[in-house]
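Participant: Structure supplied as target-v4.csv; contents: CSV, C-alpha atoms.
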```
chain,number,residue,atom,x,y,z
A,49,MET,CA,-9.4,-10.6,-7.8
A,50,ARG,CA,-8.9,-6.9,-8.3
A,51,LEU,CA,-6.9,-5.1,-5.7
A,52,ALA,CA,-6.3,-1.4,-5.4
A,53,LEU,CA,-3.6,0.0,-3.2
A,54,ILE,CA,-4.3,3.6,-3.9
A,55,LEU,CA,-1.6,6.1,-2.8
A,56,VAL,CA,1.3,4.4,-1.2
A,57,ALA,CA,4.1,6.7,-0.1
A,58,LEU,CA,7.2,5.4,1.6
A,59,SER,CA,10.3,6.9,3.4
A,60,GLY,CA,8.7,10.1,4.6
A,61,TYR,CA,7.0,11.2,1.4
A,62,GLY,CA,3.3,12.3,1.2
A,63,ALA,CA,1.6,13.0,-2.1
A,64,GLY,CA,-1.7,14.0,-3.6
A,65,HIS,CA,-3.7,11.4,-5.5
A,66,ALA,CA,-3.8,11.9,-9.3
A,67,TRP,CA,-7.2,10.2,-9.9
A,68,GLY,CA,-9.4,12.0,-7.3
A,69,GLN,CA,-9.7,11.5,-3.6
A,70,PRO,CA,-7.0,9.2,-2.1
A,71,ASN,CA,-8.0,5.7,-1.0
A,72,THR,CA,-11.5,5.7,-2.6
A,73,LEU,CA,-13.1,3.7,-5.3
A,74,SER,CA,-15.5,4.9,-7.8
A,75,ALA,CA,-18.9,3.2,-8.2
A,76,LYS,CA,-17.6,1.6,-11.4
A,77,GLU,CA,-14.5,0.2,-9.7
A,78,LYS,CA,-16.7,-1.2,-6.8
A,79,ALA,CA,-19.0,-2.8,-9.4
A,80,GLU,CA,-16.0,-4.3,-11.1
A,81,GLY,CA,-14.9,-6.0,-7.9
A,82,TRP,CA,-11.9,-3.8,-6.9
A,83,ILE,CA,-11.1,-3.7,-3.2
A,84,LEU,CA,-8.8,-1.3,-1.3
A,85,LEU,CA,-5.8,-2.6,0.5
A,86,PHE,CA,-5.3,0.7,2.4
A,87,ASP,CA,-8.0,2.7,4.1
A,88,GLY,CA,-5.9,5.9,4.0
A,89,LYS,CA,-6.0,6.3,7.8
A,90,THR,CA,-4.7,3.2,9.6
A,91,LEU,CA,-2.4,0.2,9.2
A,92,ASN,CA,-5.5,-2.1,9.3
A,93,GLY,CA,-4.8,-5.0,6.9
A,94,TRP,CA,-1.0,-4.5,7.1
A,95,GLU,CA,1.6,-6.2,9.2
A,96,PRO,CA,4.9,-4.5,9.8
A,97,LYS,CA,8.0,-6.6,9.3
A,98,GLY,CA,11.5,-5.7,10.4
A,99,ASP,CA,12.4,-2.7,12.5
A,100,ALA,CA,10.9,0.2,10.5
A,101,GLN,CA,8.3,2.3,12.3
A,102,TRP,CA,5.3,2.5,10.0
A,103,LYS,CA,2.3,4.9,10.2
A,104,ALA,CA,-0.5,6.4,8.0
A,105,VAL,CA,0.1,10.1,7.3
A,106,ASP,CA,-2.0,12.3,5.0
A,107,GLY,CA,-3.4,9.3,3.1
A,108,ALA,CA,0.0,7.5,2.7
A,109,LEU,CA,1.8,4.6,4.3
A,110,VAL,CA,5.0,6.1,5.7
A,111,SER,CA,8.2,4.8,7.2
A,112,GLU,CA,10.4,7.3,8.9
A,113,GLY,CA,13.9,6.8,10.3
A,114,PRO,CA,16.9,4.7,9.4
A,115,LYS,CA,15.7,1.2,10.3
A,116,ALA,CA,14.8,-1.3,7.6
A,117,GLY,CA,11.5,-3.0,7.2
A,118,TYR,CA,8.5,-3.6,5.1
A,119,LEU,CA,4.7,-4.1,5.2
A,120,ALA,CA,2.9,-7.3,4.3
A,121,THR,CA,-0.8,-7.7,3.9
A,122,THR,CA,-2.6,-9.7,6.6
A,123,ASP,CA,-4.8,-11.4,3.9
A,124,THR,CA,-3.6,-13.9,1.4
A,125,PHE,CA,-4.6,-13.4,-2.3
A,126,GLY,CA,-4.8,-15.6,-5.3
A,127,ASP,CA,-4.7,-14.3,-8.8
A,128,PHE,CA,-5.2,-10.5,-8.9
A,129,VAL,CA,-4.7,-7.2,-10.7
A,130,LEU,CA,-2.9,-4.6,-8.6
A,131,THR,CA,-2.8,-0.9,-9.2
A,132,LEU,CA,-1.0,1.6,-7.0
A,133,GLU,CA,1.1,4.7,-6.6
A,134,PHE,CA,4.5,4.3,-5.1
A,135,ARG,CA,7.1,6.9,-4.2
A,136,THR,CA,10.3,6.6,-2.3
A,137,GLY,CA,13.5,8.6,-1.6
A,138,ALA,CA,16.6,8.5,-3.8
A,139,ASN,CA,18.6,6.4,-1.4
A,140,THR,CA,15.9,3.9,-0.5
A,141,ASN,CA,16.3,0.2,-1.4
A,142,SER,CA,12.7,-0.7,-1.8
A,143,GLY,CA,10.0,-1.9,-4.2
A,144,ILE,CA,6.8,-3.9,-4.5
A,145,TYR,CA,7.1,-7.5,-3.7
A,146,LEU,CA,4.5,-10.0,-4.9
A,147,ARG,CA,3.8,-13.6,-3.9
A,148,ALA,CA,6.2,-13.6,-0.9
A,149,ALA,CA,6.0,-16.5,1.4
A,150,LYS,CA,4.4,-16.0,4.8
A,151,GLU,CA,6.8,-16.0,7.7
```
Could you take the file, read its structure, and then write that structure out as structure tokens?
Facilitator:
Amino acid sequence: MRLALILVALSGYGAGHAWGQPNTLSAKEKAEGWILLFDGKTLNGWEPKGDAQWKAVDGALVSEGPKAGYLATTDTFGDFVLTLEFRTGANTNSGIYLRAAKE
């Protein structure tokens, strides 16, 4: 499985996409079986956990405010290759977590 979470920005940061349009796949990537985990506009496919208030802003997943939380995919994946962009603030305790147990 090939997954692409293209342009993820957390903790109030928005950014431009370095490879072209955010949250799109090229014809080659589609042919290779890549899928997008984020549509660039909504939280579809994501489930908020904790108290953070998540939203999609300018092609990025953003959490604003002091409350802690994270996003989990609503789908379960087997073996995969993941590519993404990730940016967070200096005082954020965050990261990308893989293979977490469902709650």
Participant: When you draw a straight line from CA of Arg147 (chain A) to CA of Gly126 (chain A), how long is it in Å?
Facilitator: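 Going from CA of Arg147 (chain A) over to CA of Gly126 (chain A) covers 8.9 Å.
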Participant: When you draw a straight line from CA of Thr72 (chain A) to CA of Leu84 (chain A), how long is it in Å?
Facilitator: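 If I compute the distance from CA of Thr72 (chain A) to CA of Leu84 (chain A), I get 7.6 Å.
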Participant: From the list A:Ile83, A:Leu91, A:Leu132, A:Leu146, which residue is nearest Ser111 (chain A) when using only C-alpha atoms?
Facilitator: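 Closest candidate: A:Leu91.
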Participant: How many Å lie between CA of Tyr145 (chain A) and CA of Phe86 (chain A), rounded to one decimal?
Facilitator: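 Computing the Euclidean distance for CA of Tyr145 (chain A) and CA of Phe86 (chain A) yields 16.1 Å.
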Participant: Which residue, A:Ser142, A:Asn92, A:Thr136, A:Thr131, has the smallest gap to Ala116 (chain A) when you use all atoms listed in the file?
Facilitator: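 Distance minimum relative to Ala116 (chain A) lands on A:Ser142.
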Participant: Would you mind telling me which residue in A:Asp106, A:Glu95, A:Glu80, A:Glu133 lies nearest to Thr121 (chain A) when using all atoms listed in the file?
Facilitator: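 Under the stated criterion, the closest residue is A:Glu95.
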Participant: Considering all atoms listed in the file, can you say which of A:Gly143, A:Gly137, A:Gly88, A:Gly81 comes closest to Lys103 (chain A)?
Facilitator: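 The closest residue to Lys103 (chain A) is A:Gly88.
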Participant: From the list A:Leu119, A:Val129, A:Ala138, A:Ala79, which residue is nearest Asp99 (chain A) when using only C-alpha atoms?
Facilitator: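 Under the stated criterion, the closest residue is A:Leu119.
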Participant: Of the candidates A:Thr124, A:Asp87, A:Tyr118, A:Lys76, which one gets nearest to Ala100 (chain A) if we count all atoms listed in the file?
Facilitator: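 The answer is A:Tyr118, which sits nearest to Ala100 (chain A).
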